[in-house]
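Shown here: coords-v8.cif, mmCIF, C-alpha atoms.
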data_my_file
#
loop_
_atom_site.label_atom_id
_atom_site.label_comp_id
_atom_site.auth_asym_id
_atom_site.auth_seq_id
_atom_site.Cartn_x
_atom_site.Cartn_y
_atom_site.Cartn_z
CA MET A 16 -24.44 61.05 -24.30
CA THR A 17 -20.83 60.61 -25.17
CA GLY A 18 -19.49 57.39 -26.61
CA ALA A 19 -17.49 56.74 -23.45
CA GLN A 20 -20.53 57.24 -21.26
CA GLU A 21 -22.61 54.93 -23.46
CA LEU A 22 -19.85 52.33 -23.26
CA LEU A 23 -19.93 52.48 -19.47
CA ASP A 24 -23.73 52.29 -19.32
CA ASP A 25 -23.90 49.24 -21.58
CA ALA A 26 -20.82 47.48 -20.17
CA ALA A 27 -20.93 43.69 -19.78
CA CYS A 28 -20.73 44.17 -16.01
CA GLY A 29 -22.55 46.30 -13.50
CA LEU A 30 -20.71 49.48 -12.48
CA ALA A 31 -21.44 51.62 -9.45
CA ARG A 32 -19.83 54.34 -7.37
CA THR A 33 -20.81 54.90 -3.75
CA SER A 34 -19.81 57.23 -1.00
CA ALA A 35 -17.78 55.89 1.91
CA ASP A 36 -21.01 55.10 3.77
CA GLY A 37 -22.48 53.23 0.80
CA VAL A 38 -24.84 55.79 -0.81
CA PHE A 39 -25.04 55.31 -4.58
CA LEU A 40 -23.45 58.16 -6.53
CA TYR A 41 -23.49 56.48 -9.94
CA VAL A 42 -24.87 53.26 -11.43
CA ASN A 43 -24.74 52.11 -15.06
CA ARG A 44 -27.70 50.81 -17.04
CA THR A 45 -26.50 47.18 -16.79
CA PHE A 46 -26.58 47.30 -13.00
CA CYS A 47 -30.03 48.92 -13.02
CA ASP A 48 -31.40 46.27 -15.38
CA TRP A 49 -30.05 43.49 -13.14
CA VAL A 50 -31.51 44.85 -9.87
CA GLY A 51 -34.78 46.23 -11.30
CA TYR A 52 -34.29 49.84 -10.15
CA GLY A 53 -33.80 53.00 -12.19
CA GLY A 54 -30.73 55.12 -11.71
CA ASP A 55 -32.79 58.00 -10.23
CA GLU A 56 -34.21 55.55 -7.64
CA LEU A 57 -30.73 54.59 -6.44
CA CYS A 58 -28.38 57.56 -6.80
CA GLY A 59 -28.51 59.75 -3.73
CA ARG A 60 -31.45 57.76 -2.36
CA ARG A 61 -30.30 54.29 -1.41
CA LYS A 62 -27.22 52.60 -0.02
CA MET A 63 -25.44 49.60 -1.50
CA GLN A 64 -25.93 47.58 1.67
CA GLU A 65 -29.71 48.10 1.48
CA LEU A 66 -29.79 45.89 -1.63
CA LEU A 67 -28.02 43.04 0.14
CA THR A 68 -29.53 40.10 2.02
CA MET A 69 -29.22 40.12 5.80
CA GLY A 70 -26.11 37.95 5.64
CA GLY A 71 -24.64 40.28 3.01
CA ARG A 72 -25.30 43.33 5.19
CA ILE A 73 -23.48 41.73 8.08
CA PHE A 74 -20.56 40.87 5.80
CA HIS A 75 -20.53 44.42 4.41
CA GLN A 76 -20.30 45.86 7.90
CA THR A 77 -17.78 43.38 9.36
CA HIS A 78 -15.54 42.72 6.32
CA TRP A 79 -16.24 44.77 3.20
CA HIS A 80 -16.08 48.25 4.71
CA PRO A 81 -13.11 47.55 7.06
CA LEU A 82 -11.09 45.95 4.24
CA LEU A 83 -11.66 48.90 1.92
CA GLN A 84 -10.50 51.25 4.66
CA MET A 85 -7.40 49.19 5.54
CA GLN A 86 -6.17 47.92 2.15
CA GLY A 87 -8.04 50.05 -0.35
CA SER A 88 -9.65 47.23 -2.30
CA VAL A 89 -11.57 43.95 -2.14
CA SER A 90 -11.62 41.28 -4.83
CA GLU A 91 -14.11 38.59 -5.91
CA VAL A 92 -16.48 38.86 -2.98
CA LYS A 93 -19.62 36.81 -3.61
CA LEU A 94 -22.80 38.34 -2.20
CA GLU A 95 -26.51 38.09 -2.96
CA ILE A 96 -28.36 41.23 -4.08
CA VAL A 97 -32.13 41.43 -3.64
CA HIS A 98 -33.96 42.31 -6.85
CA ARG A 99 -36.80 44.77 -6.72
CA ASP A 100 -39.33 41.94 -7.00
CA GLY A 101 -37.75 40.12 -4.05
CA HIS A 102 -35.73 37.33 -5.67
CA THR A 103 -32.03 37.19 -4.99
CA ILE A 104 -29.22 37.37 -7.52
CA PRO A 105 -25.78 35.88 -6.74
CA MET A 106 -23.11 38.43 -7.68
CA VAL A 107 -19.34 38.68 -7.52
CA MET A 108 -18.02 42.14 -6.64
CA ASN A 109 -14.70 43.95 -6.88
CA ALA A 110 -14.23 47.37 -5.28
CA ILE A 111 -11.53 50.05 -5.08
CA ARG A 112 -11.41 52.95 -2.64
CA ARG A 113 -10.52 56.23 -4.36
CA ASP A 114 -10.27 59.90 -3.50
CA GLY A 115 -13.34 61.54 -5.03
CA GLY A 116 -12.33 65.13 -4.38
CA GLY A 117 -15.02 65.75 -1.83
CA GLY A 118 -14.12 62.58 0.11
CA PRO A 119 -13.42 58.91 -0.44
CA VAL A 120 -15.59 56.98 -2.88
CA HIS A 121 -15.89 53.28 -3.70
CA ASP A 122 -15.84 52.19 -7.35
CA ILE A 123 -17.54 48.80 -7.70
CA ALA A 124 -17.68 46.28 -10.57
CA VAL A 125 -20.42 43.63 -10.31
CA TYR A 126 -20.83 40.32 -12.20
CA VAL A 127 -23.83 38.03 -12.13
CA ALA A 128 -22.66 34.63 -10.86
CA ARG A 129 -25.61 32.32 -11.47
CA ASP A 130 -23.50 29.72 -13.29
CA ARG A 131 -20.79 29.96 -10.67
CA ASP A 132 -23.37 29.75 -7.92
CA THR A 133 -24.94 26.68 -9.52
CA TYR A 134 -21.50 25.10 -9.88
CA GLU A 135 -20.61 25.83 -6.25
CA ARG A 136 -23.90 24.43 -5.03
CA GLU A 137 -23.44 21.28 -7.11
CA LEU A 138 -19.87 21.04 -5.84
CA LEU A 139 -21.04 21.32 -2.24
CA LEU A 140 -23.77 18.74 -2.85
CA SER A 141 -21.26 16.40 -4.49
CA ARG A 142 -18.84 16.87 -1.62
CA LYS A 143 -21.58 16.20 0.90
CA LYS A 144 -22.66 13.09 -1.01
CA LEU A 145 -19.03 11.92 -1.22
CA GLU A 146 -18.60 12.44 2.54
CA GLU A 147 -21.78 10.43 3.14
CA LEU A 148 -20.52 7.64 0.86
CA VAL A 149 -17.14 7.59 2.60
CA ALA A 150 -18.84 7.49 5.99
CA GLU A 151 -21.09 4.64 4.83
CA ALA A 152 -18.14 2.74 3.33
CA THR A 153 -16.20 3.20 6.57
CA ARG A 154 -19.18 1.96 8.59
CA LEU A 155 -19.59 -1.09 6.35
CA GLN A 156 -15.87 -1.83 6.51
CA LEU A 157 -15.86 -1.67 10.31
CA GLU A 158 -19.00 -3.82 10.41
CA LEU A 159 -17.37 -6.33 8.06
CA GLN A 160 -14.21 -6.40 10.18
CA ASP A 161 -16.31 -7.02 13.29
CA ARG A 162 -18.17 -9.85 11.56
CA VAL A 163 -14.97 -11.43 10.27
CA LEU A 164 -13.32 -11.18 13.68
CA PHE A 165 -16.41 -12.64 15.35
CA ALA A 166 -16.57 -15.49 12.83
CA GLU A 167 -12.87 -16.27 13.24
CA GLN A 168 -13.15 -16.19 17.02
CA MET A 169 -16.18 -18.48 16.90
CA VAL A 170 -14.36 -20.90 14.59
CA GLY A 171 -11.43 -20.95 17.00
CA ILE A 172 -13.63 -21.48 20.06
CA VAL A 173 -15.81 -24.17 18.50
CA SER A 174 -12.84 -25.97 16.97
CA HIS A 175 -11.02 -25.98 20.29
CA ASP A 176 -14.04 -27.29 22.18
CA LEU A 177 -14.62 -30.07 19.65
CA ARG A 178 -11.24 -31.62 20.38
CA ASN A 179 -12.29 -32.99 23.79
CA PRO A 180 -15.24 -35.11 22.57
CA LEU A 181 -13.19 -36.29 19.58
CA SER A 182 -10.40 -37.40 21.89
CA THR A 183 -12.97 -39.33 23.92
CA ILE A 184 -14.27 -41.02 20.75
CA GLN A 185 -10.78 -42.00 19.65
CA MET A 186 -9.88 -43.33 23.08
CA GLY A 187 -13.14 -45.30 23.31
CA ALA A 188 -12.60 -46.82 19.86
CA ALA A 189 -9.06 -47.81 20.79
CA LEU A 190 -10.19 -49.46 24.06
CA LEU A 191 -13.04 -51.32 22.39
CA SER A 192 -10.74 -52.67 19.70
CA ARG A 193 -8.56 -54.28 22.38
CA GLY A 194 -11.41 -56.35 23.76
CA GLU A 195 -13.20 -59.31 22.36
CA ALA A 196 -14.75 -58.00 19.17
CA THR A 197 -15.87 -59.59 15.94
CA SER A 198 -14.15 -58.78 12.67
CA ASN A 199 -17.16 -56.72 11.63
CA GLN A 200 -17.04 -54.74 14.88
CA LEU A 201 -13.32 -54.13 14.41
CA ARG A 202 -13.99 -52.77 10.91
CA VAL A 203 -16.61 -50.40 12.32
CA LEU A 204 -14.25 -49.30 15.10
CA GLY A 205 -11.55 -48.68 12.49
CA ARG A 206 -13.90 -46.46 10.53
CA VAL A 207 -14.85 -44.56 13.69
CA SER A 208 -11.19 -44.06 14.56
CA ARG A 209 -10.28 -42.86 11.06
CA ALA A 210 -13.27 -40.51 10.97
CA ALA A 211 -12.23 -39.04 14.32
CA GLN A 212 -8.67 -38.59 13.00
CA ARG A 213 -9.94 -36.75 9.91
CA ALA A 214 -12.13 -34.53 12.07
CA ASN A 215 -9.19 -33.80 14.35
CA ARG A 216 -7.02 -32.84 11.36
CA LEU A 217 -9.80 -30.55 10.12
CA ILE A 218 -10.03 -28.89 13.53
CA THR A 219 -6.27 -28.40 13.57
CA ASP A 220 -6.45 -26.70 10.17
CA LEU A 221 -9.32 -24.46 11.31
CA LEU A 222 -7.43 -23.42 14.43
CA ASP A 223 -4.31 -22.68 12.42
CA PHE A 224 -6.36 -20.75 9.86
CA THR A 225 -7.98 -18.68 12.60
CA GLN A 226 -4.61 -17.92 14.16
CA ALA A 227 -3.13 -16.90 10.79
CA ARG A 228 -6.08 -14.69 9.85
CA MET A 229 -6.01 -12.89 13.20
CA GLY A 230 -2.50 -11.71 12.38
CA ARG A 231 -0.47 -13.88 14.69
CA GLY A 232 0.68 -16.37 12.04
CA ILE A 233 1.23 -20.06 12.73
CA SER A 234 3.38 -20.62 15.80
CA ILE A 235 6.39 -22.94 15.61
CA LEU A 236 8.94 -24.26 18.10
CA PRO A 237 12.16 -24.92 16.13
CA GLN A 238 14.50 -27.51 17.63
CA PRO A 239 17.29 -29.78 16.33
CA MET A 240 15.63 -32.76 14.66
CA ASP A 241 16.30 -35.82 12.57
CA LEU A 242 14.47 -35.11 9.31
CA ARG A 243 14.78 -38.65 7.92
CA ALA A 244 13.35 -40.29 11.06
CA THR A 245 10.58 -37.70 11.47
CA ILE A 246 9.30 -37.98 7.91
CA SER A 247 9.63 -41.80 7.94
CA ASP A 248 7.39 -41.94 11.02
CA VAL A 249 4.87 -39.63 9.38
CA VAL A 250 4.76 -41.72 6.22
CA GLU A 251 4.24 -44.93 8.22
CA GLU A 252 1.24 -43.36 9.95
CA LEU A 253 -0.15 -42.07 6.66
CA VAL A 254 0.17 -45.52 5.05
CA MET A 255 -2.25 -46.78 7.70
CA ALA A 256 -4.59 -43.81 7.08
CA TYR A 257 -4.80 -44.59 3.35
CA PRO A 258 -5.21 -48.38 3.07
CA GLY A 259 -5.02 -49.63 -0.49
CA ARG A 260 -2.93 -46.66 -1.67
CA ARG A 261 0.80 -46.68 -2.43
CA LEU A 262 2.89 -44.21 -0.43
CA VAL A 263 6.70 -44.23 -0.26
CA HIS A 264 9.38 -42.07 1.32
CA ARG A 265 12.77 -41.27 -0.19
CA HIS A 266 15.50 -39.33 1.60
CA GLU A 267 18.73 -37.78 0.35
CA GLY A 268 21.69 -36.23 2.13
CA ALA A 269 22.24 -35.75 5.84
CA SER A 270 19.47 -36.06 8.40
CA HIS A 271 19.93 -33.26 10.93
CA CYS A 272 18.29 -29.84 10.64
CA VAL A 273 16.43 -27.32 12.83
CA GLY A 274 12.65 -27.06 12.65
CA ASP A 275 9.36 -27.76 14.34
CA SER A 276 8.94 -31.53 13.84
CA ASP A 277 5.21 -31.47 14.63
CA ARG A 278 4.53 -28.66 12.17
CA LEU A 279 6.65 -30.28 9.47
CA SER A 280 4.78 -33.54 10.02
CA GLN A 281 1.55 -31.57 9.60
CA LEU A 282 2.92 -30.01 6.40
CA VAL A 283 3.74 -33.42 4.91
CA GLY A 284 0.37 -34.81 6.03
CA ASN A 285 -1.48 -31.98 4.26
CA LEU A 286 0.53 -32.43 1.05
CA VAL A 287 -0.02 -36.20 1.08
CA SER A 288 -3.74 -35.70 1.73
CA ASN A 289 -3.87 -33.36 -1.26
CA ALA A 290 -1.98 -35.87 -3.43
CA MET A 291 -4.30 -38.71 -2.38
CA ALA A 292 -7.36 -36.60 -3.15
CA TYR A 293 -6.28 -35.39 -6.59
CA GLY A 294 -3.71 -37.94 -7.80
CA GLN A 295 -4.26 -41.20 -9.64
CA THR A 296 -5.79 -43.75 -7.28
CA ASP A 297 -3.58 -46.50 -8.69
CA GLY A 298 -0.45 -44.34 -8.76
CA VAL A 299 2.38 -43.91 -6.27
CA VAL A 300 2.55 -40.88 -4.00
CA THR A 301 6.19 -40.17 -3.17
CA VAL A 302 7.44 -38.08 -0.26
CA HIS A 303 10.95 -36.69 -0.85
CA SER A 304 13.09 -35.26 1.94
CA SER A 305 16.63 -33.98 1.62
CA VAL A 306 19.15 -31.94 3.59
CA GLY A 307 21.65 -29.71 1.78
CA GLN A 308 24.37 -27.33 2.92
CA SER A 309 22.08 -24.41 3.86
CA THR A 310 18.54 -25.65 3.24
CA PHE A 311 16.41 -28.74 3.55
CA THR A 312 13.53 -29.73 1.30
CA LEU A 313 10.25 -31.55 1.66
CA ALA A 314 8.33 -32.46 -1.48
CA VAL A 315 5.35 -34.63 -2.37
CA HIS A 316 4.82 -35.98 -5.91
CA ASN A 317 1.86 -37.68 -7.52
CA MET A 318 0.74 -38.55 -11.03
CA GLY A 319 -2.62 -37.41 -12.30
CA THR A 320 -4.39 -34.61 -14.13
CA ALA A 321 -2.20 -31.52 -14.44
CA ILE A 322 -3.23 -28.45 -12.44
CA PRO A 323 -4.17 -25.63 -14.87
CA ALA A 324 -1.58 -22.84 -14.88
CA GLN A 325 -4.20 -20.15 -14.32
CA ILE A 326 -5.27 -21.52 -10.94
CA GLN A 327 -1.84 -22.52 -9.62
CA PRO A 328 -1.10 -19.10 -8.02
CA MET A 329 -4.40 -19.26 -6.11
CA LEU A 330 -4.04 -22.74 -4.62
CA PHE A 331 -2.28 -21.51 -1.48
CA ARG A 332 -5.13 -19.14 -0.63
CA PRO A 333 -7.71 -20.32 1.92
CA MET A 334 -10.91 -21.98 0.69
CA VAL A 335 -9.50 -22.60 -2.81
CA ARG A 336 -9.73 -25.99 -4.51
CA GLY A 337 -8.44 -27.45 -7.72
CA ALA A 338 -10.55 -27.49 -10.85
CA GLY A 339 -12.94 -30.38 -11.20
CA ASP A 340 -12.83 -31.18 -7.49
CA ALA A 341 -14.58 -34.46 -6.82
CA HIS A 342 -13.62 -34.51 -3.15
CA SER A 343 -15.50 -31.54 -1.78
CA GLY A 344 -16.34 -33.42 1.35
CA SER A 345 -12.76 -34.16 2.34
CA GLY A 346 -11.99 -30.73 3.78
CA VAL A 347 -12.65 -27.01 3.56
CA GLY A 348 -9.76 -26.04 1.32
CA LEU A 349 -7.29 -25.04 4.02
CA GLY A 350 -4.62 -27.71 3.58
CA LEU A 351 -2.33 -25.90 1.13
CA PHE A 352 -2.90 -22.58 2.90
CA ILE A 353 -1.64 -24.18 6.12
CA VAL A 354 1.34 -25.64 4.22
CA ALA A 355 2.29 -22.17 2.99
CA GLU A 356 1.90 -20.69 6.49
CA ILE A 357 4.08 -23.39 8.07
CA ALA A 358 6.77 -22.82 5.43
CA LYS A 359 6.52 -19.06 5.99
CA ALA A 360 6.87 -19.48 9.75
CA HIS A 361 10.11 -21.42 9.12
CA GLY A 362 11.37 -18.71 6.77
CA GLY A 363 10.90 -20.94 3.74
CA THR A 364 8.88 -21.03 0.52
CA VAL A 365 6.49 -23.34 -1.30
CA SER A 366 6.47 -23.98 -5.04
CA LEU A 367 4.42 -26.07 -7.46
CA GLU A 368 5.22 -27.86 -10.72
CA SER A 369 2.51 -29.70 -12.59
CA SER A 370 2.22 -31.32 -16.00
CA ALA A 371 0.41 -34.30 -17.51
CA GLU A 372 3.74 -35.90 -18.44
CA PHE A 373 5.66 -35.56 -15.16
CA GLY A 374 2.83 -35.25 -12.64
CA THR A 375 2.47 -32.75 -9.80
CA THR A 376 5.08 -31.86 -7.19
CA PHE A 377 4.64 -29.52 -4.25
CA SER A 378 8.05 -28.53 -2.84
CA THR A 379 8.97 -26.61 0.32
CA VAL A 380 12.49 -25.26 0.72
CA LEU A 381 13.39 -24.28 4.28
CA PRO A 382 16.56 -22.83 5.84
CA LEU A 383 18.68 -25.41 7.61
CA ALA A 384 18.71 -23.36 10.83
CA THR A 385 15.41 -21.58 11.45
#

Would you write out, as structure tokens, the structure that this file holds?
Amino acid sequence: MTGAQELLDDAACGLARTSADGVFLYVNRTFCDWVGYGGDELCGRRKMQELLTMGGRIFHQTHWHPLLQMQGSVSEVKLEIVHRDGHTIPMVMNAIRRDGGGGPVHDIAVYVARDRDTYERELLLSRKKLEELVAEATRLQLELQDRVLFAEQMVGIVSHDLRNPLSTIQMGAALLSRGEATSNQLRVLGRVSRAAQRANRLITDLLDFTQARMGRGISILPQPMDLRATISDVVEELVMAYPGRRLVHRHEGASHCVGDSDRLSQLVGNLVSNAMAYGQTDGVVTVHSSVGQSTFTLAVHNMGTAIPAQIQPMLFRPMVRGAGDAHSGSGVGLGLFIVAEIAKAHGGTVSLESSAEFGTTFSTVLPLAT
């Protein structure tokens, strides 16, 4: 055996030559060792396609053979060869069609692809698992969206339906207070009326929150208004709602602007409620209003514990309260969220400054003409 022949027989890959119809004409020792057959059992006796699985035979007939005839070569075709003992071996094959003198022959190089096959199988399994995870995440997301939408719709429906009985309670308390009632009865009626007012404000916040979360934002109806008179009226009403507390209003500049007076009254009411809940009980809560050349401002100031800087950016999110909240029963944490939404609807912004020395001020700056 020549050195060249020995090199071919012991090559790191399987080598074979077949006739055009697939009959083995030559196989090296490496190929024989891989498939479990001797060279004399293959050459002139068996065809290449006979060693393939059924799927491989179909591929050989429909793709391998036609491609070799049309383009003269095939590259990196992965097929499974059946070993003599029946187990299959994944192999990658390259073939070239040549003129063998007596007719065309196919020279084939074969590589065992167990590692590649394992990698591809793991890749397919990983892809399938990823697709399953994506499908499950999508399902959970859609389910969550449905639950959120249902919850928001239910909040809106229930809040809306609660307004009618609350209005009846308020009207009844007002009528009873006009009749002959003892001082004790009047105090009870006052508490009933204030409780109904708080509940009504809570319902208003819930309705606004539902509307904002469903993507429609808070609706406003901008009209020319007298800012000084509007805020003065609001403050007078709030003074009655917080007996024993000090609340003042200060105005600067002109009085006329364009905005939704009801929504701006709601904005001030929410800021004052926040100041009363978190400010010093013996301190003054001051409502500032001013009209400039292109903007107007509404601000509420109170003295008290400074709001930590790390939670300030979160205060305008729904359901967020200040640190050390001792007034958890006064609302559901929507007041400042509603303030931000009202300012946004007017094209304005809300800002916060808080320190132990100068107190806390929530300021809204709105365009003069919405």

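With all atoms listed in the file as the atoms that count, the residue of A:Leu82, A:Ile235, A:Leu330, A:Cys272 with the shortest distance to A:Arg112 is A:Leu82.
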
Inset, instruction - Enter the distance from atom CA of A:Ala358 to atom CA of A:Ser378, in Å, rounded to one decimal. - result: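 Between atom CA of A:Ala358 and atom CA of A:Ser378 the gap is 10.1 Å.
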
Inset, instruction - Identify which of the residues A:Ala371, A:Val125, A:Ile111, A:Leu148 lies closest to A:Gln295, counting only C-alpha atoms when measuring atom-to-atom distances. - result: A:Ala371

Inset, instruction - Could you please give me, as a ChimeraX atom specification, the residues of protein, DNA or RNA lying at most 10 Å from (-9.0, 40.8, -11.8) in the coordinate frame of the file, considering all atoms listed in the file? - result: /A:90-91,109

File dump, residues just selected, C-alpha atoms, as a short mmCIF file (atom, residue, chain, number, x, y, z; two decimals), in the coordinates of the input:
data_model
loop_
_atom_site.label_atom_id
_atom_site.label_comp_id
_atom_site.auth_asym_id
_atom_site.auth_seq_id
_atom_site.Cartn_x
_atom_site.Cartn_y
_atom_site.Cartn_z
CA SER A 90 -11.62 41.28 -4.83
CA GLU A 91 -14.11 38.59 -5.91
CA ASN A 109 -14.70 43.95 -6.88
#

Inset, instruction - Dump as a list in words all residues having an atom at most 12 Å from (-9.1, 56.8, -2.7), computed in the file's coordinates with all atoms listed in the file. - result: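 With a cut-off of 12 Å, the residues come to Arg32, Thr33, Ser34, Ala35, Leu83, Gln84, Met85, Gln86, Gly87, Ser88, Ala110, Ile111, Arg112, Arg113, Asp114, Gly115, Gly116, Gly117, Gly118, Pro119, Val120, His121 and Asp122 of chain A.
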
Legend entry - Long-range neighbours of A:Asn43 as a VMD selection string, 10 Å cut-off, all atoms listed in the file, 4 positions minimum in chain: chain A and resid 20 to 26 28 to 32 47 to 48 53 to 54

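Proximity to A:Thr376 at 8 Å, evaluated using all atoms listed in the file and with sequence-adjacent residues fewer than 5 positions away removed, yields A:Ala314, A:Val315, A:His316, A:Asn317, A:Leu367, A:Glu368, A:Ser369.
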
Inset, instruction - Could you tell me how far atom CA of A:Ile73 lies from atom CA of A:Gly37, in Å and to one decimal? - result: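 Atom-to-atom, atom CA of A:Ile73 and atom CA of A:Gly37 are spaced 13.6 Å apart.
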
Inset, instruction - May I ask which of the residues A:Asn289, A:Gln64, A:Ser208, A:Glu137 is the closest one to A:His80, counting all atoms listed in the file? - result: A:Gln64

Inset, instruction - Starting from the displayed file, determine the output of the PyMOL selection byres ((chain A and resi 100) around 12) and express the residue list as a PyMOL selection string. - result: chain A and resi 49-52+66+96-99+101-104

Legend entry - Pairwise distance for atom CA of A:Gly259 and atom CA of A:Ala290, rounded to one decimal in Å: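 Calculated distance between atom CA of A:Gly259 and atom CA of A:Ala290 is 14.4 Å.
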
Inset, instruction - Return as a list in words the set of residues that the PyMOL selection byres ((chain A and resi 127) around 7) yields on the displayed structure. - result: Pro105, Met106, Val107, Val125, Tyr126, Ala128 and Arg129 of chain A

Inset, instruction - Between A:Leu313, A:Met186, A:Ser366, A:Ser141, single out the one closest to A:Pro382, counting only C-alpha atoms. - result: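 Nearest to A:Pro382: A:Leu313.
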
Legend entry - Expansion of the PyMOL selection byres ((chain A and resi 284) around 12) into residues, as an MDAnalysis selection string: chainID A and resid 213 216:217 219:220 245:254 256:257 262 277:283 285:291 300 302 313:315 350:351 353:354

Inset, instruction - List the neighbours of A:Gly362 out to 12 Å using all atoms listed in the file; skip same-chain residues closer than 3 positions along the sequence, and give me the result as a PyMOL selection string. - result: chain A and resi 233+235+237+273-275+310-311+355-359+365+379-385

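Proximity ranking of A:Met108, A:Cys58, A:Ile123, A:Ala324 relative to A:Leu40 places A:Cys58 first, based on only C-alpha atoms.
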
Legend entry - Pick from A:Leu164, A:Leu157, A:Ala292, A:Leu145 nearest to A:Thr320, counting only C-alpha atoms: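 Under the stated criterion, the closest residue is A:Ala292.
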
Box dimensions and centre (Å, one decimal) enclosing stretch 156-160 of chain A, axis-aligned, 5 Å extra per side, as JSON:
{"center_x": -16.6, "center_y": -4.0, "center_z": 8.5, "size_x": 14.8, "size_y": 14.7, "size_z": 13.9}
